[in-house]
$ cat entry19.txt   # compact mmCIF, C-alpha atoms and all ligand atoms
# COMPACT_ATOMS: atom_id res chain seq x y z
CA MET A 9 0.00 0.00 0.00
CA MET A 10 1.23 3.45 -0.79
CA GLY A 11 1.26 5.82 2.13
CA SER A 12 2.74 3.60 4.77
CA PRO A 13 6.40 2.76 4.69
CA PRO A 14 6.84 -0.79 3.55
CA ILE A 15 8.87 -3.12 5.70
CA ILE A 16 10.99 -5.40 3.60
CA ARG A 17 12.68 -8.42 5.07
CA GLY A 18 12.95 -6.78 8.42
CA PHE A 19 14.65 -3.61 7.22
CA SER A 20 12.80 -0.41 7.83
CA LEU A 21 12.56 2.16 5.10
CA ARG A 22 12.25 5.87 5.40
CA GLU A 23 9.48 7.53 3.51
CA GLU A 24 10.17 10.82 1.85
CA LEU A 25 7.84 13.29 0.27
CA LEU A 26 8.83 14.33 -3.22
CA LEU A 27 7.53 17.30 -5.11
CA SER A 28 6.13 15.17 -7.84
CA CYS A 29 3.30 12.83 -8.46
CA THR A 30 5.33 10.04 -6.98
CA ILE A 31 5.04 10.31 -3.29
CA ILE A 32 7.31 7.72 -1.90
CA SER A 33 10.98 7.44 -2.25
CA LEU A 34 12.51 4.51 -0.50
CA PHE A 35 15.80 4.67 1.29
CA VAL A 36 17.19 1.47 2.57
CA ALA A 37 18.64 1.90 6.04
CA VAL A 38 21.02 -1.00 5.80
CA VAL A 39 22.68 -2.18 2.65
CA PHE A 40 21.68 -5.71 1.99
CA PRO A 41 22.77 -8.00 -0.77
CA PHE A 42 20.75 -7.95 -3.94
CA LEU A 43 18.13 -10.60 -3.51
CA TYR A 44 16.22 -10.28 -6.73
CA ALA A 45 16.47 -12.35 -9.84
CA SER A 46 17.69 -9.88 -12.38
CA SER A 47 20.09 -10.51 -15.16
CA VAL A 48 20.92 -8.85 -18.39
CA LEU A 49 19.81 -11.21 -21.08
CA ALA A 50 20.70 -10.49 -24.66
CA VAL A 51 20.98 -13.97 -25.96
CA ASP A 52 19.48 -15.70 -28.94
CA ILE A 53 15.96 -14.41 -29.24
CA LYS A 54 14.75 -17.90 -30.02
CA ASP A 55 15.59 -19.14 -26.52
CA GLN A 56 13.79 -16.25 -24.84
CA THR A 57 10.54 -16.29 -26.76
CA TYR A 58 7.75 -18.48 -28.09
CA ILE A 59 5.42 -18.07 -31.02
CA THR A 60 1.96 -16.93 -29.98
CA TRP A 61 0.28 -16.76 -33.34
CA SER A 62 0.71 -18.47 -36.70
CA GLN A 63 3.89 -20.52 -36.63
CA ASP A 64 4.19 -20.51 -40.41
CA HIS A 65 4.26 -16.71 -40.55
CA VAL A 66 7.25 -16.49 -38.20
CA LYS A 67 10.81 -16.98 -39.31
CA MET A 68 14.19 -16.98 -37.58
CA LEU A 69 16.98 -14.98 -39.22
CA ASP A 70 20.63 -14.35 -38.59
CA ALA A 71 21.43 -17.71 -36.98
CA GLU A 72 18.35 -17.38 -34.74
CA LYS A 73 19.34 -13.96 -33.42
CA ALA A 74 16.45 -12.21 -35.13
CA ILE A 75 12.75 -12.98 -35.61
CA GLN A 76 10.67 -11.95 -38.58
CA ILE A 77 6.90 -11.78 -38.28
CA THR A 78 4.62 -11.56 -41.27
CA LEU A 79 1.13 -10.38 -42.16
CA ASP A 80 -0.56 -11.58 -45.33
CA SER A 81 -4.17 -12.02 -46.36
CA GLU A 82 -4.27 -15.31 -44.49
CA SER A 83 -2.98 -14.23 -41.10
CA GLY A 84 -0.87 -11.98 -38.94
CA SER A 85 1.61 -13.42 -36.48
CA GLY A 86 3.41 -12.80 -33.23
CA PHE A 87 5.66 -13.95 -30.44
CA ALA A 88 6.10 -13.35 -26.72
CA SER A 89 8.78 -13.59 -24.06
CA ASN A 90 8.96 -16.74 -21.98
CA GLN A 91 9.34 -14.67 -18.82
CA LYS A 92 7.20 -12.07 -17.14
CA PHE A 93 8.81 -9.01 -15.61
CA LEU A 94 7.95 -6.54 -12.89
CA HIS A 95 10.04 -3.36 -13.02
CA GLY A 96 13.31 -2.86 -14.79
CA SER A 97 14.28 -2.28 -18.37
CA ILE A 98 13.28 -4.15 -21.52
CA SER A 99 14.49 -3.32 -24.99
CA MET A 100 14.42 -4.63 -28.52
CA GLU A 101 15.73 -3.56 -31.89
CA ILE A 102 13.00 -3.36 -34.52
CA LYS A 103 12.99 -2.78 -38.25
CA LEU A 104 9.72 -2.23 -40.07
CA MET A 105 8.68 -2.96 -43.63
CA ALA A 106 9.36 -0.32 -46.23
CA GLY A 107 6.95 0.88 -48.88
CA ASP A 108 3.19 0.73 -48.62
CA SER A 109 2.26 -0.41 -45.13
CA ALA A 110 -1.12 1.33 -44.90
CA GLY A 111 -3.57 -0.44 -42.63
CA THR A 112 -0.96 -2.55 -40.87
CA VAL A 113 -0.13 -2.32 -37.17
CA THR A 114 3.16 -3.59 -35.82
CA ALA A 115 2.85 -3.84 -32.06
CA TYR A 116 5.54 -4.23 -29.42
CA TYR A 117 4.15 -4.20 -25.91
CA LEU A 118 4.29 -5.34 -22.32
CA SER A 119 1.07 -6.79 -21.01
CA SER A 120 -0.18 -8.42 -17.81
CA GLY A 121 -3.24 -9.77 -19.60
CA ILE A 122 -6.10 -7.34 -19.40
CA ASN A 123 -5.22 -4.86 -16.68
CA ASP A 124 -1.79 -3.40 -17.20
CA GLU A 125 -0.14 -2.71 -20.51
CA PHE A 126 2.45 -0.47 -22.20
CA ASP A 127 2.05 -0.29 -25.98
CA PHE A 128 4.22 0.78 -28.84
CA GLU A 129 2.15 0.56 -32.04
CA PHE A 130 3.64 1.42 -35.40
CA LEU A 131 0.84 2.57 -37.68
CA GLY A 132 1.59 1.83 -41.30
CA ASN A 133 1.13 4.33 -44.10
CA ILE A 134 0.98 4.58 -47.87
CA SER A 135 4.27 4.65 -49.78
CA GLY A 136 6.43 7.64 -49.09
CA GLU A 137 4.45 8.75 -46.05
CA PRO A 138 5.80 8.29 -42.56
CA TYR A 139 4.80 5.78 -39.95
CA LEU A 140 3.24 7.16 -36.83
CA LEU A 141 4.27 5.65 -33.53
CA GLN A 142 1.41 5.44 -31.08
CA THR A 143 1.96 4.69 -27.41
CA ASN A 144 -0.66 3.87 -24.83
CA VAL A 145 -0.76 2.93 -21.17
CA TYR A 146 -3.29 0.70 -19.42
CA SER A 147 -3.26 0.68 -15.65
CA ASN A 148 -5.66 -1.53 -13.76
CA GLY A 149 -7.88 -1.66 -16.85
CA THR A 150 -7.96 2.11 -17.46
CA SER A 151 -6.66 3.21 -20.85
CA GLY A 152 -7.57 5.88 -23.42
CA ARG A 153 -4.10 7.40 -23.04
CA GLU A 154 -2.98 7.52 -26.65
CA HIS A 155 -0.03 9.61 -27.71
CA ARG A 156 1.34 9.74 -31.26
CA VAL A 157 4.65 10.90 -32.64
CA SER A 158 5.88 11.05 -36.17
CA LEU A 159 9.36 9.56 -36.05
CA TRP A 160 12.39 11.67 -36.95
CA PHE A 161 13.93 8.85 -38.98
CA ASP A 162 12.74 6.11 -41.30
CA PRO A 163 12.06 3.08 -39.06
CA ALA A 164 12.13 0.81 -42.11
CA ALA A 165 15.63 1.78 -43.22
CA ASP A 166 17.40 0.34 -40.21
CA TYR A 167 17.01 -1.29 -36.84
CA HIS A 168 16.32 1.10 -33.96
CA THR A 169 16.03 0.38 -30.25
CA TYR A 170 12.66 0.71 -28.54
CA SER A 171 12.59 0.29 -24.79
CA PHE A 172 10.62 0.48 -21.58
CA LEU A 173 11.92 1.48 -18.19
CA TRP A 174 9.48 1.18 -15.32
CA ASN A 175 9.76 1.27 -11.56
CA LYS A 176 7.74 2.43 -8.58
CA TYR A 177 8.04 6.05 -9.65
CA HIS A 178 7.29 6.22 -13.32
CA SER A 179 7.32 4.41 -16.64
CA VAL A 180 9.27 5.69 -19.61
CA PHE A 181 9.11 4.74 -23.29
CA PHE A 182 12.33 5.29 -25.23
CA VAL A 183 13.15 5.45 -28.93
CA ASP A 184 16.90 4.89 -29.05
CA SER A 185 18.04 7.12 -26.17
CA THR A 186 15.17 9.59 -26.48
CA PRO A 187 12.30 9.35 -23.99
CA ILE A 188 9.11 9.97 -25.96
CA ARG A 189 6.56 9.19 -23.28
CA THR A 190 6.31 9.02 -19.51
CA PHE A 191 3.61 7.86 -17.16
CA ALA A 192 4.09 8.94 -13.58
CA ASN A 193 2.92 6.97 -10.58
CA CYS A 194 -0.06 9.05 -9.56
CA GLN A 195 -1.63 6.56 -7.19
CA ALA A 196 -1.68 9.29 -4.58
CA LEU A 197 -4.12 11.16 -6.86
CA GLY A 198 -6.26 8.07 -7.27
CA VAL A 199 -4.85 7.09 -10.67
CA PRO A 200 -4.02 3.38 -10.78
CA TYR A 201 -0.42 2.58 -11.60
CA THR A 202 0.82 -0.50 -13.42
CA SER A 203 1.66 -2.99 -10.71
CA ARG A 204 1.42 -6.41 -12.29
CA PRO A 205 4.11 -8.56 -13.87
CA MET A 206 4.03 -8.25 -17.64
CA ARG A 207 5.14 -10.35 -20.56
CA LEU A 208 6.67 -8.82 -23.68
CA TYR A 209 4.71 -9.33 -26.90
CA ALA A 210 5.31 -8.50 -30.54
CA ALA A 211 2.79 -8.91 -33.33
CA ILE A 212 1.77 -7.68 -36.73
CA TRP A 213 -1.89 -7.47 -37.60
CA ASN A 214 -4.56 -5.98 -39.80
CA GLY A 215 -5.61 -2.64 -38.35
CA GLU A 216 -7.13 -1.17 -41.50
CA THR A 217 -10.34 -0.12 -39.78
CA TRP A 218 -8.48 2.56 -37.80
CA ALA A 219 -4.71 2.62 -38.17
CA THR A 220 -4.07 4.83 -41.18
CA ARG A 221 -5.81 8.16 -41.52
CA GLY A 222 -8.57 6.98 -39.25
CA GLY A 223 -9.26 3.92 -41.41
CA ARG A 224 -9.45 5.68 -44.77
CA ASP A 225 -6.35 3.94 -46.17
CA LYS A 226 -6.89 0.18 -46.32
CA ILE A 227 -4.38 -2.61 -46.74
CA ASP A 228 -3.35 -3.21 -50.34
CA TRP A 229 -2.82 -6.96 -50.34
CA ASN A 230 -0.87 -6.71 -53.60
CA HIS A 231 1.92 -5.41 -51.38
CA ALA A 232 1.81 -8.35 -48.96
CA PRO A 233 3.59 -9.99 -47.24
CA PHE A 234 4.23 -7.26 -44.67
CA VAL A 235 7.22 -8.10 -42.55
CA ALA A 236 8.74 -6.71 -39.36
CA SER A 237 12.05 -7.85 -37.85
CA PHE A 238 13.10 -7.98 -34.20
CA ARG A 239 16.49 -8.65 -32.63
CA ASN A 240 18.57 -8.05 -29.51
CA PHE A 241 15.83 -8.61 -26.98
CA THR A 242 17.44 -7.40 -23.75
CA SER A 243 15.94 -7.56 -20.29
CA ASP A 244 17.44 -6.14 -17.14
CA ALA A 245 14.42 -6.49 -14.96
CA CYS A 246 12.98 -8.50 -12.11
CA ILE A 247 11.92 -11.83 -13.52
CA TRP A 248 8.60 -12.83 -12.07
CA GLN A 249 8.47 -16.33 -10.71
CA ASP A 250 5.02 -17.70 -10.08
CA GLN A 251 4.48 -17.94 -6.32
CA ASP A 252 7.01 -15.17 -5.81
CA SER A 253 4.70 -12.41 -4.78
CA ASP A 254 7.45 -9.97 -3.83
CA CYS A 255 9.22 -9.13 -7.06
CA SER A 256 8.48 -5.54 -6.26
CA ALA A 257 9.45 -5.65 -2.59
CA SER A 258 12.62 -7.59 -3.11
CA THR A 259 13.88 -5.20 -5.75
CA SER A 260 13.69 -1.95 -3.79
CA ASN A 261 17.44 -1.90 -3.96
CA ALA A 262 17.64 -2.60 -7.68
CA TRP A 263 19.32 -0.10 -9.97
CA TRP A 264 16.06 0.92 -11.62
CA GLU A 265 14.62 2.13 -8.29
CA GLN A 266 17.61 4.36 -7.55
CA GLU A 267 17.36 8.12 -7.61
CA ALA A 268 18.83 8.50 -11.09
CA TYR A 269 15.90 6.54 -12.52
CA GLN A 270 13.11 8.12 -10.50
CA ALA A 271 12.80 11.01 -12.93
CA LEU A 272 14.29 11.97 -16.27
CA SER A 273 17.76 13.50 -16.23
CA SER A 274 17.95 17.07 -17.50
CA ASP A 275 19.37 15.84 -20.79
CA GLN A 276 16.54 13.34 -21.15
CA ALA A 277 13.99 15.98 -20.17
CA SER A 278 15.17 18.31 -22.90
CA LYS A 279 14.97 15.53 -25.51
CA PHE A 280 11.53 14.64 -24.18
CA ASN A 281 10.37 18.25 -24.49
CA MET A 282 11.71 18.46 -28.00
CA VAL A 283 9.66 15.40 -28.97
CA GLN A 284 6.53 16.85 -27.36
CA ASN A 285 7.03 20.18 -29.12
CA ILE A 286 8.13 19.07 -32.56
CA TYR A 287 7.16 15.47 -33.27
CA THR A 288 3.98 14.88 -31.28
CA VAL A 289 0.90 14.79 -33.48
CA TYR A 290 -1.59 13.64 -30.84
CA ASP A 291 -1.60 13.78 -27.06
CA TYR A 292 -4.65 12.72 -25.05
CA CYS A 293 -3.54 15.19 -22.40
CA LYS A 294 -4.20 18.01 -24.85
CA ASP A 295 -7.48 16.63 -26.18
CA PHE A 296 -9.95 18.82 -24.33
CA LYS A 297 -12.80 17.71 -26.56
CA ARG A 298 -12.34 14.15 -25.45
CA TYR A 299 -11.41 15.03 -21.88
CA PRO A 300 -13.03 18.32 -20.81
CA THR A 301 -11.45 17.51 -17.44
CA LEU A 302 -8.03 16.12 -18.13
CA PRO A 303 -7.02 12.88 -16.40
CA ALA A 304 -5.13 13.66 -13.19
CA GLU A 305 -1.81 12.26 -14.38
CA CYS A 306 -1.70 14.80 -17.23
CA ASN A 307 -0.24 17.44 -14.92
CA TYR A 308 2.70 15.19 -14.25
CA GLN A 309 4.07 14.38 -17.65
CA VAL A 310 7.64 15.45 -17.38
C1 LIG A 401 0.17 8.93 -43.07
O1 LIG A 401 0.77 10.03 -43.72
C2 LIG A 401 -0.07 11.18 -43.80
C3 LIG A 401 0.64 12.22 -44.62
O2 LIG A 401 1.90 12.52 -44.05
C4 LIG A 401 -0.37 11.66 -42.39
O3 LIG A 401 -1.21 12.76 -42.43
C5 LIG A 401 -1.02 10.54 -41.62
O4 LIG A 401 -1.22 10.95 -40.28
C6 LIG A 401 -0.17 9.28 -41.64
N1 LIG A 401 -0.95 8.23 -40.99
C7 LIG A 401 -0.37 7.29 -40.26
C8 LIG A 401 -1.26 6.34 -39.59
O5 LIG A 401 0.83 7.22 -40.14
$ encode --input "entry19.txt" --output "structure tokens"
Amino acid sequence: MMGSPPIIRGFSLREELLLSCTIISLFVAVVFPFLYASSVLAVDIKDQTYITWSQDHVKMLDAEKAIQITLDSESGSGFASNQKFLHGSISMEIKLMAGDSAGTVTAYYLSSGINDEFDFEFLGNISGEPYLLQTNVYSNGTSGREHRVSLWFDPAADYHTYSFLWNKYHSVFFVDSTPIRTFANCQALGVPYTSRPMRLYAAIWNGETWATRGGRDKIDWNHAPFVASFRNFTSDACIWQDQDSDCSASTSNAWWEQEAYQALSSDQASKFNMVQNIYTVYDYCKDFKRYPTLPAECNYQV
């Protein structure tokens, strides 16, 4: 529970009030050895994932270091991580299909099932027009938090790194080293925060009813198959073991909970502001038509 200092394995923690949406900052009184199961894994993607959808539309590349997923008129496809994670950092390099991708959605997301989710969704476009990258956050079943940027590079020309960092304080979506989206822990304002272990998913599907210009541009199947490639899946996060209900408690001392990760650095904040000012084409926090009263967390987007 927020509001009362948690007691972890007998060590008492000091609660500190921060001038942000995140109210608690935990200081461990006694240094204790790291007890959590975290490890940096950047091994063959094949060993870390399983196919969730349409085996025959998924292909290994590069001596099983990369996965290619395909959408054609028969089916989309996808894969997921074997492990679930609760707090830490997850990243992947992704390269999208070039040319006409209108109507397609390439999704890369963390999900607990139905309640908690962080989405990256690449919305395809007609030839020569840019992809939009939509992000969304679900917390305890609440969503409607779309944010869209037009990328400052061609995501089909090369692999780029897309990552999540999340801890007790906030969640950050990165494109390469640029934070494009944050979601602060505003539980103190009554806004649920993502608190469940999540699995990583990737998929490509038919989103022609909405993805491109509000559904006006449909998929041109003459341009199928549509292919997206993923490699270098890296996790430095608490690995959730079933029965282990204290992934969160046992990682209070983990690097991702330390002060440097509780808010954006000033360099990150200036990149973040640049993205909001120049590349953002939609922000639910500025959509007063949709939200005459903005959701409470909107005052705390850094
Ligand atoms: C596709 O490109 C057009 C023209 O640049 C843009 O207005 C539109 O928002 C783009 N749609 C998507 C889904 O990327």
$ atom_distance --input "entry19.txt" --atom1 "atom CA of A:Ile212" --atom2 "atom CA of A:Val113"
5.7 Å
$ atom_distance --input "entry19.txt" --atom1 "atom CA of A:Trp174" --atom2 "atom C7 of ligand LIG 401 (chain A)"
27.5 Å
$ residues_around --input "entry19.txt" --residues "A:Ser185" --least-positions-apart "3" --cutoff "9 Å" --atoms "only C-alpha atoms" --output "PyMOL selection string"
chain A and resi 169-171+182+276+279
$ residues_near_point --input "entry19.txt" --point "(8.5, -9.2, -38.0)" --cutoff "10 Å" --atoms "only C-alpha atoms" --output "JSON, numbers by chain"
{"A": [65, 66, 67, 68, 74, 75, 76, 77, 78, 79, 84, 85, 86, 87, 102, 103, 104, 105, 114, 115, 210, 211, 212, 234, 235, 236, 237, 238, 239]}
$ residues_near_ligand --input "entry19.txt" --ligand "ligand LIG 401 (chain A)" --cutoff "10 Å" --atoms "all atoms listed in the file" --output "ChimeraX atom specification"
/A:109-113,130-142,156-159,216,218-225,289-290
$ residues_around --input "entry19.txt" --residues "A:Val145" --least-positions-apart "5" --cutoff "9 Å" --atoms "all atoms listed in the file" --output "JSON, numbers by chain"
{"A": [124, 125, 126, 127, 150, 151, 152, 153, 154, 191, 202]}
$ closest_residue --input "entry19.txt" --among "A:Ser99, A:Gln91, A:Ser62, A:Ser83" --to "A:Asp244" --atoms "all atoms listed in the file"
A:Ser99
$ residues_near_point --input "entry19.txt" --point "(16.7, -0.2, -12.7)" --cutoff "10 Å" --atoms "all atoms listed in the file" --output "JSON, numbers by chain"
{"A": [46, 95, 96, 97, 173, 174, 175, 244, 245, 246, 259, 260, 261, 262, 263, 264, 265, 266, 267, 268, 269, 270]}
$ atom_distance --input "entry19.txt" --atom1 "atom CA of A:Ile122" --atom2 "atom CA of A:Gly149"
6.5 Å
$ closest_residue --input "entry19.txt" --among "A:Thr143, A:Gly107, A:Asp52, A:Pro187" --to "A:Ser273" --atoms "all atoms listed in the file"
A:Pro187
$ closest_residue --input "entry19.txt" --among "A:Tyr201, A:Phe280, A:Tyr209, A:Phe93" --to "A:Phe181" --atoms "all atoms listed in the file"
A:Phe280
